[in-house]
There are 2 protein chains.
Amino acid sequence: MSGIAERLRAALGADAVRTEPDVLARHTRDTWVLSELRDLEGAAFAAPAAVVEPADAAQVSAALRTCREARVPVVPYGGGSGVCGGVLTPEGAVVLSTRRMDGLVSLEDRDLLATFRAGTNGLAAERRVQQAGLTIGHWPQSIELSTVGGWVATRAAGQFSTAYGNVEDVLFSLEAVLPDGTLVRTRGTPRASAGPDLRQLFLGSEGTLGVVTEVTFSLRPQPEVSRGQALHFESLGAGLEAIRRLMRDGWRPPVVRLYDEHESKRSFGEHCPEGRSLLLLLHEGPAPVVEAQIAGVTRIGDALSAGGAPAAAVDQWLEHRNRVPGFRGFLERGIVLDTIEVGATWSRVGALYRGVVASLREVEDILTATAHSSHSYRSGTNLYFTFAARPKEPARMAEIYRECWRRTMEATLAAGGGVAHHHGIGRVRKDALAGEIGAGGLALLRAVKRALDPDGLLNPGVLLPDA
Amino acid sequence: MSGIAERLRAALGADAVRTEPDVLARHTRDTWVLSELRDLEGAAFAAPAAVVEPADAAQVSAALRTCREARVPVVPYGGGSGVCGGVLTPEGAVVLSTRRMDGLVSLEDRDLLATFRAGTNGLAAERRVQQAGLTIGHWPQSIELSTVGGWVATRAAGQFSTAYGNVEDVLFSLEAVLPDGTLVRTRGTPRASAGPDLRQLFLGSEGTLGVVTEVTFSLRPQPEVSRGQALHFESLGAGLEAIRRLMRDGWRPPVVRLYDEHESKRSFGEHCPEGRSLLLLLHEGPAPVVEAQIAGVTRIGDALSAGGAPAAAVDQWLEHRNRVPGFRGFLERGIVLDTIEVGATWSRVGALYRGVVASLREVEDILTATAHSSHSYRSGTNLYFTFAARPKEPARMAEIYRECWRRTMEATLAAGGGVAHHHGIGRVRKDALAGEIGAGGLALLRAVKRALDPDGLLNPGVLLPDA
């Protein structure tokens, strides 16, 4: 494989291929806790043979063809902000960074469409359309770090999803390059019944089925009115019932976040009485609709004996929502911590919460196991668990981390939940995928993978469990 | 192939396999105009070797495995109500009818979920959930004839789509059998980032990638309030501008239908001044939201000099919406007639309308070429064309029919539109598919097809253009 950098230089030009040691070192991994831990422990990461930075889809195609001929694995790389081990470059592989495919391609106000190159930073993209009075409406917590192509590849969710949908709902069309170098551009109309929706093969593919090179979003105007509302409930269960009812009634606040009593105390102790579960809502839209929606939610809260909390709690969340203390700082203090988001229907989510929390509390040296709900649907919601443990033997951090994950996946599946709401599968969840889509689903996904990438060169080791 | 009926009887039991001539004759085709015409002309249709009627997914699997071993083509068959030639059984093929897979499997009010066997009639399914005060919210014009499995396989749209979405938006999960007999059940959670969304491979597959055996919908309660509104505009273009603005403002009436001046006169002459373009809206939801929405739409209409039309026009549409005179009656009177639905972004839809109408008007013996818009989105809408011609030489009906289709597809693509909004591809559009998804999209779709059905046995001749 030693000649792959030279072959790529020949195919793409010297400026598209990087082999400086510091560049290689920056493309070995994402921010998965196990990678952070390994790094902290001073372990070495396998070095890529090269980082290729194509300027456009034609160069992506050339890079993929070159690597395929040489049978060298390729790891697509966007912002590097994944948290599931979706990037952990195998020795001698080529990292394909979308960094140089940056910026706006077109903005059509009349059609509410904006096309960005895949490597465009998420917040830069949102700010660009905001200059035109519009919004993508997609706010993943990683927005300052992630790329629009990464949003598609990981099937991301945004904090405003309950009204505006997740990335699959704001995505209008895309351009991608298949493992054999074929360029695909999906339909340019709002809706079609012209065979399977090809966008969906790339949404959530995590770089295993192709490289997304361009992304077109269907935008919205910025809302006329935006108003916060906060309520507290006697339990997480009562709060979940309130969300179920408001979704059923057809209300769609973009933000609907319910914290269990532990997280309510930890993050909003100033605004929420101890032992209560805090519900934050942000309403957006035309003034009379927002007014009706607040009244509708208030009635539901009253029926469930909710207490009113100050809307300042919503402002506090809005202000701090993307400032999350990194895993690294905790690891340095001997604490292993992670978040795990799962999903379930309304009838299963209560038991899922209890099952996961009970199982995590049995883990040795566990400090905390809590959750909130942050993305709701007519038929169910997600739970976003946070666990933290401080192993008495620091050498056991990775082991205890894996045990927390294993227990959460098992308890989720036992309760009939889905193992991944929006962070993706990566490496950390790949053994749980069969529990989500079954042996048949796995066989289907493997058949598609084999058809497009027979040698298994695109991001090997990710998404699909080892055979 | 003569032994396939016996082999199927051995595998599934005698009661699952029909070979009576009248049963075979009823499963040769759908209601595609060219098939109707052929039938009227007394031409014979190729006879299937057998009609297999599996009772459940396990029997579907057995049937597909049996046919695969014998290398006999299989044509999945739901209600037979398709209009694009998606069913035109090759000589000696097996028709797999979902007829015996009928009825409700489960209804979970708390989760707003209803699961039906794939062969359940659409209206029966809707009525069943209405008994519980709920609605699927999916109203294709074919609802009295089509099956819920057919809705998925053809990627159907419903008349209330502008608020409630198309079939892909109300579909929660599904069960399907792959060509090799593998059973797939998609995730049971409202949303996941766990690889590509496997439902999407079956939505729009038109029986080429597998057989849908069970469908679960995410339901809604029936609306609190339902109110009609009608406006008329100086032109189709002015009406389209009104729809664009109301979609942009975030209003979502379930029904938004705009007729060009010809269709306004033809269907609503009593309610709409001659030469004007009629817009029908049905608003549904909580009373204050419906009120705000009507006011919002009225303001947009005022700004575009709309006139008010009686809401009785909406009632008239609601009453007659599924009563469409069949193609057959026209053919018997020497008139060849069809409808063609396409889609486009707002900036392209006006030119698309003009281009298609102008091109159709050049066709020999054309009587009429008109359109309405019936499904709108933030970034565009559909157009539903109707054409009719009365060839002086009746023997040329098929030729003139094909010319009208060719011209509509070409003018749609020339205007940057999409060739199929919701009737599917079938046989009538398969040569236009490359214009919709490009050579790359076609290569991708062919690769998936080859991976799942290497011998091309599932519904051959449909969706993909001949190689």
# chains A, B, ... in the order shown; residues from 1 in each chain; ligands from 1
>>> select_by_dssp(residues="range 118-363 of chain B", states="helix (DSSP H, G or I)", output="JSON, numbers by chain")
{"B": [122, 123, 124, 125, 126, 127, 128, 129, 130, 148, 149, 150, 151, 152, 153, 154, 161, 162, 163, 164, 167, 168, 169, 170, 199, 200, 201, 202, 236, 237, 238, 239, 240, 241, 242, 243, 244, 245, 246, 247, 248, 261, 262, 263, 264, 265, 266, 267, 268, 287, 288, 289, 290, 291, 292, 293, 294, 295, 296, 297, 298, 299, 300, 301, 302, 303, 312, 313, 314, 315, 316, 317, 318, 319, 320, 327, 328, 329, 330, 331, 332, 346, 347, 348, 349, 350, 351, 352, 353, 354, 355, 356, 357, 358, 359, 360, 361]}
>>> residues_around(residues="Pro394 in chain B", least_positions_apart="5", cutoff="12 Å", atoms="only C-alpha atoms", output="PyMOL selection string")
chain B and resi 37+40-41+331-336+365+389+399-401
>>> residues_around(residues="Val255 in chain B", least_positions_apart="3", cutoff="7 Å", atoms="only C-alpha atoms", output="CSV table (one decimal) with N, CA and C atoms, in the first residue's frame")
chain,number,residue,atom,x,y,z
B,159,GLN,N,-54.9,12.5,-1.1
B,159,GLN,CA,-55.5,13.8,-1.4
B,159,GLN,C,-55.3,14.8,-0.2
B,160,PHE,N,-55.0,14.3,1.0
B,160,PHE,CA,-54.8,15.1,2.1
B,160,PHE,C,-53.3,15.3,2.5
B,162,THR,N,-51.0,17.5,1.8
B,162,THR,CA,-50.2,18.7,2.1
B,162,THR,C,-50.1,18.9,3.6
B,281,LEU,N,-59.4,24.7,-0.8
B,281,LEU,CA,-58.6,24.3,0.4
B,281,LEU,C,-59.5,23.7,1.4
B,282,LEU,N,-59.0,22.7,2.1
B,282,LEU,CA,-59.7,22.1,3.3
B,282,LEU,C,-58.7,22.3,4.5
>>> residues_around(residues="range 461-463 of chain B", least_positions_apart="4", cutoff="6 Å", atoms="only C-alpha atoms", output="PDB file with N, CA, C and O atoms, in the first residue's frame")
ATOM      1  N   GLY B  86     -47.841  -1.422 -14.217  1.00  0.00           N
ATOM      2  CA  GLY B  86     -47.009  -2.111 -13.234  1.00  0.00           C
ATOM      3  C   GLY B  86     -47.325  -3.596 -13.163  1.00  0.00           C
ATOM      4  O   GLY B  86     -46.495  -4.400 -12.737  1.00  0.00           O
ATOM      5  N   ILE B 425     -43.783   4.357 -11.825  1.00  0.00           N
ATOM      6  CA  ILE B 425     -43.113   4.253 -13.124  1.00  0.00           C
ATOM      7  C   ILE B 425     -43.781   3.192 -13.996  1.00  0.00           C
ATOM      8  O   ILE B 425     -44.120   3.447 -15.147  1.00  0.00           O
ATOM      9  N   GLY B 426     -43.972   1.996 -13.430  1.00  0.00           N
ATOM     10  CA  GLY B 426     -44.593   0.905 -14.190  1.00  0.00           C
ATOM     11  C   GLY B 426     -43.856   0.655 -15.493  1.00  0.00           C
ATOM     12  O   GLY B 426     -42.617   0.621 -15.522  1.00  0.00           O
ATOM     13  N   ARG B 427     -44.650   0.482 -16.562  1.00  0.00           N
ATOM     14  CA  ARG B 427     -44.049   0.344 -17.894  1.00  0.00           C
ATOM     15  C   ARG B 427     -44.106   1.657 -18.674  1.00  0.00           C
ATOM     16  O   ARG B 427     -43.252   1.927 -19.498  1.00  0.00           O
ATOM     17  N   LYS B 430     -40.934   3.943 -17.885  1.00  0.00           N
ATOM     18  CA  LYS B 430     -39.599   3.433 -17.545  1.00  0.00           C
ATOM     19  C   LYS B 430     -38.487   4.024 -18.399  1.00  0.00           C
ATOM     20  O   LYS B 430     -37.359   4.153 -17.929  1.00  0.00           O
TER      21      LYS B 430
END
>>> atom_distance(atom1="CA of Ala439 in chain B", atom2="CA of Asp56 in chain A")
18.9 Å
>>> atom_distance(atom1="CA of Ala242 in chain A", atom2="CA of Glu261 in chain A")
15.6 Å
>>> residues_around(residues="Thr182 in chain A", least_positions_apart="3", cutoff="6 Å", atoms="only C-alpha atoms", output="PyMOL selection string")
(chain A and resi 177-178) or (chain B and resi 440)
>>> write_last_selection(atoms="all heavy atoms", output="compact mmCIF listing (two decimals), in the first residue's frame")
# COMPACT_ATOMS: atom_id res chain seq x y z
N VAL A 177 -20.87 10.08 -4.44
CA VAL A 177 -20.05 9.23 -5.31
C VAL A 177 -20.05 7.82 -4.73
O VAL A 177 -19.78 7.63 -3.55
CB VAL A 177 -18.62 9.79 -5.42
CG1 VAL A 177 -17.78 8.89 -6.34
CG2 VAL A 177 -18.63 11.22 -5.96
N LEU A 178 -20.38 6.86 -5.57
CA LEU A 178 -20.40 5.46 -5.14
C LEU A 178 -18.97 4.92 -5.03
O LEU A 178 -18.04 5.51 -5.58
CB LEU A 178 -21.19 4.62 -6.16
CG LEU A 178 -22.65 5.00 -6.36
CD1 LEU A 178 -23.33 4.06 -7.36
CD2 LEU A 178 -23.39 4.98 -5.02
N GLY B 440 -26.26 7.76 -13.12
CA GLY B 440 -25.70 7.27 -11.86
C GLY B 440 -26.77 6.66 -10.98
O GLY B 440 -26.58 5.60 -10.38
>>> atom_distance(atom1="CA of Val211 in chain A", atom2="CA of Gln141 in chain A")
22.9 Å
>>> closest_residue(among="A:Arg276, A:Arg378, A:His27, A:Arg321", to="chain B", atoms="only C-alpha atoms")
A:Arg378
>>> residues_around(residues="Ser235 in chain A", least_positions_apart="3", cutoff="9 Å", atoms="only C-alpha atoms", output="VMD selection string")
chain A and resid 232 238 to 240 260 to 261 275 to 278
>>> residues_around(residues="Glu175 in chain A", least_positions_apart="3", cutoff="7 Å", atoms="only C-alpha atoms", output="tab-separated table (two decimals) with all heavy atoms, in the first residue's frame")
chain	number	residue	atom	x	y	z
A	184	VAL	N	-23.75	10.09	-8.43
A	184	VAL	CA	-25.21	10.01	-8.33
A	184	VAL	C	-25.74	11.36	-7.87
A	184	VAL	O	-25.23	11.93	-6.90
A	184	VAL	CB	-25.64	8.93	-7.31
A	184	VAL	CG1	-27.15	8.95	-7.11
A	184	VAL	CG2	-25.18	7.55	-7.75
A	185	ARG	N	-26.75	11.87	-8.60
A	185	ARG	CA	-27.43	13.07	-8.13
A	185	ARG	C	-28.91	12.72	-8.04
A	185	ARG	O	-29.51	12.31	-9.02
A	185	ARG	CB	-27.22	14.25	-9.08
A	185	ARG	CG	-27.90	15.53	-8.62
A	185	ARG	CD	-27.58	16.71	-9.51
A	185	ARG	NE	-26.26	17.25	-9.29
A	185	ARG	CZ	-25.96	18.06	-8.27
A	185	ARG	NH1	-26.86	18.40	-7.39
A	185	ARG	NH2	-24.74	18.53	-8.14
A	186	THR	N	-29.47	12.87	-6.84
A	186	THR	CA	-30.86	12.45	-6.66
A	186	THR	C	-31.78	13.51	-7.26
A	186	THR	O	-31.38	14.63	-7.56
A	186	THR	CB	-31.18	12.20	-5.19
A	186	THR	OG1	-31.04	13.43	-4.47
A	186	THR	CG2	-30.22	11.16	-4.59
A	212	VAL	N	-20.83	11.47	0.28
A	212	VAL	CA	-21.73	12.59	-0.03
A	212	VAL	C	-20.88	13.79	-0.41
A	212	VAL	O	-19.93	14.14	0.31
A	212	VAL	CB	-22.63	12.91	1.17
A	212	VAL	CG1	-23.51	14.12	0.89
A	212	VAL	CG2	-23.49	11.70	1.53
A	213	THR	N	-21.19	14.41	-1.55
A	213	THR	CA	-20.36	15.54	-2.00
A	213	THR	C	-21.11	16.87	-2.01
A	213	THR	O	-20.50	17.93	-1.97
A	213	THR	CB	-19.82	15.25	-3.42
A	213	THR	OG1	-20.90	14.84	-4.26
A	213	THR	CG2	-18.78	14.14	-3.37
A	214	GLU	N	-22.44	16.82	-2.11
A	214	GLU	CA	-23.23	18.05	-2.10
A	214	GLU	C	-24.57	17.77	-1.43
A	214	GLU	O	-25.13	16.68	-1.59
A	214	GLU	CB	-23.49	18.52	-3.53
A	214	GLU	CG	-23.07	19.94	-3.81
A	214	GLU	CD	-23.28	20.32	-5.27
A	214	GLU	OE1	-24.44	20.40	-5.71
A	214	GLU	OE2	-22.27	20.50	-5.95
A	215	VAL	N	-25.09	18.76	-0.73
A	215	VAL	CA	-26.33	18.59	0.02
A	215	VAL	C	-27.23	19.80	-0.24
A	215	VAL	O	-26.78	20.93	-0.12
A	215	VAL	CB	-26.03	18.48	1.53
A	215	VAL	CG1	-27.31	18.48	2.34
A	215	VAL	CG2	-25.19	17.24	1.83
>>> decode(residues="range 272-284 of chain B", atoms="all heavy atoms", output="short mmCIF file (atom, residue, chain, number, x, y, z; two decimals), in the first residue's frame")
data_model
loop_
_atom_site.label_atom_id
_atom_site.label_comp_id
_atom_site.auth_asym_id
_atom_site.auth_seq_id
_atom_site.Cartn_x
_atom_site.Cartn_y
_atom_site.Cartn_z
N CYS B 272 -67.15 28.97 -10.19
CA CYS B 272 -65.96 29.75 -10.55
C CYS B 272 -66.23 30.55 -11.83
O CYS B 272 -66.66 29.98 -12.83
CB CYS B 272 -64.79 28.79 -10.77
SG CYS B 272 -63.24 29.63 -11.15
N PRO B 273 -65.98 31.87 -11.81
CA PRO B 273 -66.19 32.66 -13.02
C PRO B 273 -65.32 32.14 -14.17
O PRO B 273 -64.19 31.69 -13.94
CB PRO B 273 -65.74 34.08 -12.62
CG PRO B 273 -65.73 34.08 -11.13
CD PRO B 273 -65.48 32.67 -10.68
N GLU B 274 -65.85 32.21 -15.37
CA GLU B 274 -65.12 31.70 -16.54
C GLU B 274 -63.76 32.40 -16.69
O GLU B 274 -63.63 33.60 -16.46
CB GLU B 274 -65.97 31.91 -17.80
CG GLU B 274 -65.30 31.32 -19.02
CD GLU B 274 -66.31 30.80 -20.05
OE1 GLU B 274 -67.52 30.81 -19.77
OE2 GLU B 274 -65.85 30.38 -21.12
N GLY B 275 -62.78 31.61 -17.06
CA GLY B 275 -61.45 32.16 -17.30
C GLY B 275 -60.60 32.28 -16.05
O GLY B 275 -59.43 32.66 -16.13
N ARG B 276 -61.18 31.99 -14.89
CA ARG B 276 -60.42 32.09 -13.63
C ARG B 276 -59.96 30.70 -13.19
O ARG B 276 -60.49 29.68 -13.62
CB ARG B 276 -61.31 32.70 -12.52
CG ARG B 276 -61.93 34.03 -12.88
CD ARG B 276 -61.01 35.19 -12.65
NE ARG B 276 -60.73 35.41 -11.23
CZ ARG B 276 -59.94 36.40 -10.78
NH1 ARG B 276 -59.39 37.26 -11.63
NH2 ARG B 276 -59.70 36.55 -9.49
N SER B 277 -58.98 30.70 -12.33
CA SER B 277 -58.36 29.47 -11.84
C SER B 277 -58.80 29.26 -10.39
O SER B 277 -58.58 30.12 -9.54
CB SER B 277 -56.85 29.63 -11.95
OG SER B 277 -56.19 28.43 -11.69
N LEU B 278 -59.43 28.12 -10.12
CA LEU B 278 -60.06 27.89 -8.81
C LEU B 278 -59.11 27.16 -7.85
O LEU B 278 -58.50 26.14 -8.20
CB LEU B 278 -61.33 27.06 -8.99
CG LEU B 278 -62.17 26.81 -7.73
CD1 LEU B 278 -62.80 28.12 -7.22
CD2 LEU B 278 -63.26 25.77 -8.00
N LEU B 279 -59.03 27.69 -6.64
CA LEU B 279 -58.23 27.07 -5.57
C LEU B 279 -59.17 26.56 -4.48
O LEU B 279 -59.94 27.34 -3.91
CB LEU B 279 -57.25 28.09 -4.98
CG LEU B 279 -56.43 27.64 -3.76
CD1 LEU B 279 -55.49 26.49 -4.10
CD2 LEU B 279 -55.64 28.82 -3.17
N LEU B 280 -59.11 25.26 -4.22
CA LEU B 280 -59.90 24.67 -3.13
C LEU B 280 -58.98 24.33 -1.97
O LEU B 280 -57.91 23.75 -2.18
CB LEU B 280 -60.59 23.39 -3.60
CG LEU B 280 -61.50 23.47 -4.82
CD1 LEU B 280 -62.16 22.12 -5.08
CD2 LEU B 280 -62.56 24.55 -4.62
N LEU B 281 -59.42 24.67 -0.77
CA LEU B 281 -58.64 24.34 0.42
C LEU B 281 -59.54 23.66 1.44
O LEU B 281 -60.70 24.05 1.59
CB LEU B 281 -58.03 25.59 1.06
CG LEU B 281 -57.16 26.44 0.15
CD1 LEU B 281 -57.73 27.84 0.05
CD2 LEU B 281 -55.73 26.48 0.64
N LEU B 282 -59.00 22.68 2.12
CA LEU B 282 -59.69 22.13 3.28
C LEU B 282 -58.74 22.30 4.46
O LEU B 282 -57.59 21.84 4.41
CB LEU B 282 -60.03 20.65 3.07
CG LEU B 282 -60.95 20.08 4.15
CD1 LEU B 282 -62.35 20.66 4.07
CD2 LEU B 282 -61.01 18.55 4.04
N HIS B 283 -59.24 22.99 5.48
CA HIS B 283 -58.44 23.24 6.68
C HIS B 283 -58.89 22.26 7.76
O HIS B 283 -60.09 22.07 7.96
CB HIS B 283 -58.66 24.66 7.17
CG HIS B 283 -58.34 25.71 6.15
ND1 HIS B 283 -57.08 26.18 5.93
CD2 HIS B 283 -59.14 26.37 5.26
CE1 HIS B 283 -57.10 27.10 4.97
NE2 HIS B 283 -58.34 27.23 4.54
N GLU B 284 -57.94 21.68 8.47
CA GLU B 284 -58.30 20.78 9.57
C GLU B 284 -57.38 21.05 10.76
O GLU B 284 -56.21 21.40 10.58
CB GLU B 284 -58.17 19.31 9.14
CG GLU B 284 -59.23 18.91 8.12
CD GLU B 284 -59.27 17.40 7.88
OE1 GLU B 284 -58.33 16.68 8.27
OE2 GLU B 284 -60.27 16.94 7.29
#
